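Heads up, the thing below is written out as structure tokens.
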Amino acid sequence: MKYLHLIWAALMRSKTRTLLTMLSVVAAFLLFGMLDSVRVAFNSSANVAGYDRMIVASRLSITQSLPISIVDRVQAVPGVKGVAYANWFGGIYQDSKNFFPNFAIGPGYMAMYPEYAMTPAQVKAFESERTGAVVGKSLAERHGWKVGDTIPLQATIFPTKGSNNWTFKLAAIFEVTDPKRRGEENVLMFNWKYFDEANDFLKSQVGWLVVTLDDPKQSGQVARAIDLISENSDRETKTQTEQAFNQAFFKQFADIGLIVTAIMGAVFFTLLLLTGNTMAQAVRERIPELAVLKTIGFSNRSVLWLVLTESIVLIVLGGLLGLAIAAVLMPGVSAASGGVVQLPGVPKETWAVGLLLMILIGTVVGLLPALRAMRLNIVDALAGR
């Protein structure tokens with residue numbers, strides 16, 4: 001640490017170059033922090049312990065439906081407080097760019113989500129209307145919908161009477177009580193009975209069950225009991241947390257880990273080239289100064305470590321700042337995801353991996369310039385050769 005002032009002076013020798021290089025490092029690790037946090041969330045354990053609301057879906061794939069008869073059998077499992085069911089619909093409103101989640105729900109589904117504020121009269125109006133639909137406040141405001149409006153959707157999976165045209169009557173609008181979860185308001189739900197009667201080929205089938213428990217401490221035991229119902233059948237189930245279920249749903253569309261790895265690989269490769277060039281230029285400009293250090297008694301190894309440490313400090317400072325900014329921004333990302341990605345900040349795993357990457361990148365980009373400085377001949381350097 002006694003040479004820290006020399007390292008800092010070297011970094012500040014060209015303030016503009018150092019600032020621009022550090023900004024590049026900050027941007028790279030800001031991106032890394034946010035993307036890797038999402039990757040960690042999508043690869044997190046699906047342990048159900050301590051949860052009082054869980055999802056039961058097909059073990060094979062969430063696109064695999066379950067027979068409606070399983071509802072009563074799950075309800076009979078000791079520790080289960082309530083059961084509701086739903087089925088993905090996947091309709092499009094006017095244009096594919098207007099896509100929002102939409103699915104059919106069975107009786108009592110809204111009661112499973114007390115955080116979705118609706119009056120008893122609204123719930124009754126929705127359930128009593130055969131083609132009734134309920135939407136979140138944010139979605140209703142986005143499209144200018146009001147109760148009583150007719151909402152047309154184009155089916156992408158389930159036709160009705162040979163046509164893809166479905167229409168729903170907006171019967172109620174709900175509001176999420178937690179402001180951080182307002183993203184969950186961008187959804188449309190309609191009556192499962194109408195879906196079951198009107199779609200052309202899927203009958204008496206459900207996509208998933210929502211299960212509430214009497215005691216969250218027994219969630220692991222209840223989950224195992226539920227899955228035992230269909231064990232060794234062609235419709236085996238997997239009981240998991242809502243977050244794990246949402247993650248599995250989005251993994252159908254993309255391999256999050258692969259996407260993050262590809263993006264960050266390109267970012268860090270560019271960063272290596274940029275910072276490597278910066279360090280090489282910085283050492284080249286300071287050849288006479290390094291020769292003077294050797295002249296007054298600095299060993300070759302000391303000069304090597306001075307240059308190498310300079311490179312590592314530059315990357316670590318920028319990297320830590322980038323991860324800190326990511327930690328500040330992540331709660332907003334979690335809120336915007338509507339609860340799909342639930343992260344209060346950057347996970348410890350991402351901090352650890354990020355710090356290792358900072359040291360590794362700093363070492364790689366600084367090694368060649370440091371070796372050049374170590375092998376520097378004092379006479380040639382002072383003579384400008």
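In the structure tokens, the first chain shown is A, the next is B, and so on; residue numbers restart at 1 for each chain, and ligands run from 1 in the order shown.
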(message) Just list as a PyMOL selection string whatever in range 130-347 of chain A DSSP marks as helix (DSSP H, G or I).
(response) chain A and resi 137-143+179-185+192-198+216-229+242-251+256-285+287-295+300-336
Kindly provide the residues of range 5-113 of chain A that approach range 186-191 of chain A to within 6 Å, each paired with its closest atom pair and their distance in Å to one decimal, based on only C-alpha atoms, listed by chain and increasing number, as a Markdown table.
| residue | atom | partner | partner_atom | distance |
| --- | --- | --- | --- | --- |
| A:Phe100 | CA | A:Val187 | CA | 6.0 |
| A:Pro101 | CA | A:Val187 | CA | 5.0 |
| A:Asn102 | CA | A:Leu188 | CA | 4.6 |
| A:Phe103 | CA | A:Met189 | CA | 5.1 |
| A:Ala104 | CA | A:Phe190 | CA | 4.8 |
| A:Ile105 | CA | A:Asn191 | CA | 5.4 |
(message) If I take CA of Ile378 in chain A and CA of Glu310 in chain A, how far is one from the other in Å, to one decimal?
(response) 21.1 Å
(message) Measuring between only C-alpha atoms, which one of A:Trp8, A:Phe195, A:Tyr113, A:Phe99 shows the shortest distance to Pro159 in chain A?
(response)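 For Pro159 in chain A, the nearest of the candidates is A:Phe195.
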(request) Can you check which residues of range 60-238 of chain A DSSP gives as strand (DSSP E or B) on the backbone and send them as a ChimeraX atom specification? (result) /A:66-67,80-88,92,102-105,116-117,132-136,150-154,160,163,165-176,188-191,205-206,208-213,237-238
Compile the contact shell of Ser138 in chain A as a PDB file with N, CA and C atoms, in the first residue's frame: residues with an atom at most 12 Å away, counting only C-alpha atoms, same-chain residues fewer than 3 positions apart removed.
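Saved to around-v1.pdb:
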ATOM      1  N   PHE A 100     -50.157  -8.943 -24.203  1.00  0.00           N
ATOM      2  CA  PHE A 100     -50.162  -8.949 -22.742  1.00  0.00           C
ATOM      3  C   PHE A 100     -50.653 -10.327 -22.299  1.00  0.00           C
ATOM      4  N   VAL A 135     -59.554  -7.164 -15.965  1.00  0.00           N
ATOM      5  CA  VAL A 135     -58.211  -6.712 -16.348  1.00  0.00           C
ATOM      6  C   VAL A 135     -57.634  -5.845 -15.249  1.00  0.00           C
ATOM      7  N   GLU A 141     -56.039   1.306 -18.484  1.00  0.00           N
ATOM      8  CA  GLU A 141     -55.676   2.694 -18.786  1.00  0.00           C
ATOM      9  C   GLU A 141     -54.880   2.788 -20.081  1.00  0.00           C
ATOM     10  N   ARG A 142     -54.023   1.791 -20.334  1.00  0.00           N
ATOM     11  CA  ARG A 142     -53.206   1.813 -21.545  1.00  0.00           C
ATOM     12  C   ARG A 142     -54.060   1.785 -22.800  1.00  0.00           C
ATOM     13  N   HIS A 143     -55.146   1.000 -22.769  1.00  0.00           N
ATOM     14  CA  HIS A 143     -55.978   0.852 -23.967  1.00  0.00           C
ATOM     15  C   HIS A 143     -57.291   1.642 -23.875  1.00  0.00           C
ATOM     16  N   GLY A 144     -57.468   2.396 -22.800  1.00  0.00           N
ATOM     17  CA  GLY A 144     -58.675   3.205 -22.666  1.00  0.00           C
ATOM     18  C   GLY A 144     -59.944   2.393 -22.447  1.00  0.00           C
ATOM     19  N   TRP A 145     -59.820   1.226 -21.826  1.00  0.00           N
ATOM     20  CA  TRP A 145     -60.983   0.376 -21.595  1.00  0.00           C
ATOM     21  C   TRP A 145     -61.735   0.820 -20.338  1.00  0.00           C
ATOM     22  N   LYS A 146     -63.034   0.576 -20.368  1.00  0.00           N
ATOM     23  CA  LYS A 146     -63.865   0.801 -19.182  1.00  0.00           C
ATOM     24  C   LYS A 146     -64.849  -0.351 -19.065  1.00  0.00           C
ATOM     25  N   ILE A 173     -62.403  -4.313 -13.137  1.00  0.00           N
ATOM     26  CA  ILE A 173     -61.013  -3.862 -13.206  1.00  0.00           C
ATOM     27  C   ILE A 173     -60.406  -3.961 -11.805  1.00  0.00           C
ATOM     28  N   PHE A 174     -59.270  -4.650 -11.691  1.00  0.00           N
ATOM     29  CA  PHE A 174     -58.644  -4.775 -10.373  1.00  0.00           C
ATOM     30  C   PHE A 174     -57.404  -3.886 -10.294  1.00  0.00           C
ATOM     31  N   GLU A 175     -56.971  -3.618  -9.074  1.00  0.00           N
ATOM     32  CA  GLU A 175     -55.783  -2.804  -8.826  1.00  0.00           C
ATOM     33  C   GLU A 175     -54.901  -3.524  -7.820  1.00  0.00           C
ATOM     34  N   VAL A 176     -53.602  -3.593  -8.092  1.00  0.00           N
ATOM     35  CA  VAL A 176     -52.661  -4.236  -7.177  1.00  0.00           C
ATOM     36  C   VAL A 176     -52.334  -3.282  -6.041  1.00  0.00           C
ATOM     37  N   PRO A 179     -47.538  -0.997  -4.739  1.00  0.00           N
ATOM     38  CA  PRO A 179     -47.077  -0.204  -5.891  1.00  0.00           C
ATOM     39  C   PRO A 179     -45.900  -0.843  -6.629  1.00  0.00           C
ATOM     40  N   ARG A 181     -45.568  -3.803  -7.418  1.00  0.00           N
ATOM     41  CA  ARG A 181     -46.017  -4.926  -8.243  1.00  0.00           C
ATOM     42  C   ARG A 181     -47.052  -4.486  -9.282  1.00  0.00           C
ATOM     43  N   ARG A 182     -47.024  -3.216  -9.622  1.00  0.00           N
ATOM     44  CA  ARG A 182     -47.997  -2.698 -10.586  1.00  0.00           C
ATOM     45  C   ARG A 182     -47.885  -3.376 -11.947  1.00  0.00           C
ATOM     46  N   GLY A 183     -46.741  -3.977 -12.225  1.00  0.00           N
ATOM     47  CA  GLY A 183     -46.599  -4.698 -13.489  1.00  0.00           C
ATOM     48  C   GLY A 183     -47.587  -5.836 -13.632  1.00  0.00           C
ATOM     49  N   GLU A 184     -48.081  -6.352 -12.501  1.00  0.00           N
ATOM     50  CA  GLU A 184     -49.043  -7.453 -12.536  1.00  0.00           C
ATOM     51  C   GLU A 184     -50.424  -6.999 -12.998  1.00  0.00           C
ATOM     52  N   GLU A 185     -50.608  -5.697 -13.139  1.00  0.00           N
ATOM     53  CA  GLU A 185     -51.893  -5.181 -13.618  1.00  0.00           C
ATOM     54  C   GLU A 185     -52.035  -5.298 -15.136  1.00  0.00           C
ATOM     55  N   ASN A 186     -50.957  -5.667 -15.815  1.00  0.00           N
ATOM     56  CA  ASN A 186     -51.009  -5.787 -17.277  1.00  0.00           C
ATOM     57  C   ASN A 186     -51.424  -7.189 -17.689  1.00  0.00           C
ATOM     58  N   VAL A 187     -52.620  -7.577 -17.298  1.00  0.00           N
ATOM     59  CA  VAL A 187     -53.090  -8.931 -17.555  1.00  0.00           C
ATOM     60  C   VAL A 187     -54.608  -8.910 -17.738  1.00  0.00           C
ATOM     61  N   LEU A 188     -55.084  -9.843 -18.567  1.00  0.00           N
ATOM     62  CA  LEU A 188     -56.521 -10.029 -18.761  1.00  0.00           C
ATOM     63  C   LEU A 188     -56.875 -11.466 -18.405  1.00  0.00           C
ATOM     64  N   ALA A 336     -40.862  -3.544 -12.471  1.00  0.00           N
ATOM     65  CA  ALA A 336     -41.318  -3.505 -13.866  1.00  0.00           C
ATOM     66  C   ALA A 336     -41.640  -4.888 -14.401  1.00  0.00           C
ATOM     67  N   GLY A 338     -43.248  -7.094 -12.924  1.00  0.00           N
ATOM     68  CA  GLY A 338     -44.526  -7.575 -12.413  1.00  0.00           C
ATOM     69  C   GLY A 338     -44.402  -8.763 -11.491  1.00  0.00           C
TER      70      GLY A 338
END
(message) as a list in words, please: the residues near range 312-325 of chain A (cut-off 6 Å, only C-alpha atoms, same-chain neighbours under 3 positions excluded).
(response)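 These residues fall inside the cut-off: Met22, Val25, Val26, Phe29, Leu30, Gly33, Thr309, Val328, Met358, Ile359 and Gly362 of chain A.
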Now that the selection is made, can you save its residues with N, CA and C atoms as a compact mmCIF listing (two decimals), in the first residue's frame?
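Contents of result_4.txt, freshly written:
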# COMPACT_ATOMS: atom_id res chain seq x y z
N MET A 22 -12.66 4.39 -17.54
CA MET A 22 -13.43 3.97 -16.38
C MET A 22 -14.93 3.96 -16.69
N VAL A 25 -15.72 0.80 -18.32
CA VAL A 25 -15.76 -0.30 -17.34
C VAL A 25 -17.06 -0.24 -16.54
N VAL A 26 -17.45 0.97 -16.13
CA VAL A 26 -18.70 1.14 -15.38
C VAL A 26 -19.89 0.62 -16.20
N PHE A 29 -19.86 -3.28 -16.41
CA PHE A 29 -20.25 -3.98 -15.19
C PHE A 29 -21.65 -3.59 -14.72
N LEU A 30 -22.15 -2.45 -15.13
CA LEU A 30 -23.56 -2.14 -14.90
C LEU A 30 -24.43 -3.14 -15.66
N GLY A 33 -24.04 -6.55 -14.02
CA GLY A 33 -24.77 -6.65 -12.77
C GLY A 33 -26.25 -6.90 -12.96
N THR A 309 -0.82 -3.54 -10.81
CA THR A 309 -1.79 -3.04 -9.82
C THR A 309 -2.56 -1.85 -10.36
N VAL A 328 -28.72 -0.29 -7.35
CA VAL A 328 -29.73 0.75 -7.15
C VAL A 328 -30.88 0.59 -8.15
N MET A 358 -13.36 -8.64 -12.40
CA MET A 358 -12.59 -7.39 -12.37
C MET A 358 -11.10 -7.69 -12.22
N ILE A 359 -10.77 -8.55 -11.26
CA ILE A 359 -9.36 -8.87 -11.02
C ILE A 359 -8.77 -9.60 -12.23
N GLY A 362 -8.40 -7.08 -15.13
CA GLY A 362 -7.31 -6.18 -14.80
C GLY A 362 -5.95 -6.84 -14.97
(message) If we count only C-alpha atoms and set the cut-off at 7 Å, which residues sit around Asp214 in chain A, ignoring sequence neighbours fewer than 3 positions away in its own chain? Please answer as a VMD selection string.
(response) chain A and resid 79 to 81
Since we have the selection now, will you write its residues out, keeping C-alpha atoms, as a PDB file, in the first residue's frame?
ATOM      1  CA  GLY A  79     -53.037 -29.034   4.656  1.00  0.00           C
ATOM      2  CA  VAL A  80     -54.561 -27.628   1.462  1.00  0.00           C
ATOM      3  CA  LYS A  81     -56.764 -24.638   2.208  1.00  0.00           C
TER       4      LYS A  81
END
(request) Go through A:Lys97, A:Lys169, A:Lys161, A:Lys217 and flag the residue nearest Val134 in chain A, using only C-alpha atoms for the distances. (result) A:Lys169
Using only C-alpha atoms, which residues sit within 9 Å of Phe32 in chain A once same-chain residues fewer than 3 positions away are excluded, as a PDB file with C-alpha atoms, in the first residue's frame?
ATOM      1  CA  ALA A  27     -21.053   0.572 -18.334  1.00  0.00           C
ATOM      2  CA  ALA A  28     -19.798  -2.996 -18.827  1.00  0.00           C
ATOM      3  CA  PHE A  29     -20.254  -3.980 -15.186  1.00  0.00           C
ATOM      4  CA  LEU A  35     -28.132  -9.250 -16.565  1.00  0.00           C
ATOM      5  CA  ASP A  36     -26.394 -11.634 -14.188  1.00  0.00           C
ATOM      6  CA  SER A  37     -28.871 -10.760 -11.427  1.00  0.00           C
ATOM      7  CA  VAL A 260     -26.600 -13.395 -20.743  1.00  0.00           C
ATOM      8  CA  ILE A 263     -24.037 -10.621 -24.416  1.00  0.00           C
ATOM      9  CA  MET A 264     -21.495 -10.391 -21.619  1.00  0.00           C
ATOM     10  CA  VAL A 267     -19.081  -6.807 -23.860  1.00  0.00           C
ATOM     11  CA  GLY A 322     -21.033  -0.227 -12.155  1.00  0.00           C
ATOM     12  CA  LEU A 323     -22.314  -2.967  -9.823  1.00  0.00           C
ATOM     13  CA  ALA A 326     -26.953  -1.874 -10.913  1.00  0.00           C
ATOM     14  CA  THR A 350     -23.182 -11.651  -8.814  1.00  0.00           C
ATOM     15  CA  GLY A 354     -18.098  -9.622 -10.725  1.00  0.00           C
TER      16      GLY A 354
END
(request) Could you give me, as JSON, numbers by chain, the residues within 10 Å of Ala111 in chain A, counting only C-alpha atoms and dropping anything in the same chain fewer than 6 positions from it? (result) {"A": [82, 84, 117, 118, 123]}
Please save all heavy atoms of the selected residues as a JSON list (two decimals), in the first residue's frame.
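File produced: selection_7.json:
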[["chain", "number", "residue", "atom", "x", "y", "z"],
["A", 82, "GLY", "N", -57.20, -24.12, -0.11],
["A", 82, "GLY", "CA", -58.04, -23.82, -1.26],
["A", 82, "GLY", "C", -57.34, -24.13, -2.56],
["A", 82, "GLY", "O", -56.11, -24.17, -2.62],
["A", 84, "ALA", "N", -57.66, -23.33, -6.91],
["A", 84, "ALA", "CA", -58.28, -22.71, -8.09],
["A", 84, "ALA", "C", -57.45, -23.13, -9.29],
["A", 84, "ALA", "O", -56.34, -23.64, -9.15],
["A", 84, "ALA", "CB", -58.34, -21.19, -7.95],
["A", 117, "ALA", "N", -57.00, -5.91, -5.61],
["A", 117, "ALA", "CA", -58.15, -5.27, -4.98],
["A", 117, "ALA", "C", -59.37, -5.22, -5.91],
["A", 117, "ALA", "O", -59.32, -4.62, -6.99],
["A", 117, "ALA", "CB", -57.78, -3.85, -4.54],
["A", 118, "MET", "N", -60.45, -5.89, -5.47],
["A", 118, "MET", "CA", -61.73, -5.87, -6.16],
["A", 118, "MET", "C", -62.84, -5.94, -5.12],
["A", 118, "MET", "O", -62.69, -6.60, -4.10],
["A", 118, "MET", "CB", -61.87, -7.06, -7.12],
["A", 118, "MET", "CG", -60.98, -7.02, -8.33],
["A", 118, "MET", "SD", -61.17, -8.51, -9.36],
["A", 118, "MET", "CE", -62.89, -8.39, -9.87],
["A", 123, "VAL", "N", -66.42, -8.87, -8.30],
["A", 123, "VAL", "CA", -66.15, -10.30, -8.46],
["A", 123, "VAL", "C", -67.41, -11.01, -8.94],
["A", 123, "VAL", "O", -67.37, -11.85, -9.85],
["A", 123, "VAL", "CB", -65.65, -10.91, -7.14],
["A", 123, "VAL", "CG1", -65.50, -12.42, -7.28],
["A", 123, "VAL", "CG2", -64.34, -10.28, -6.71]]
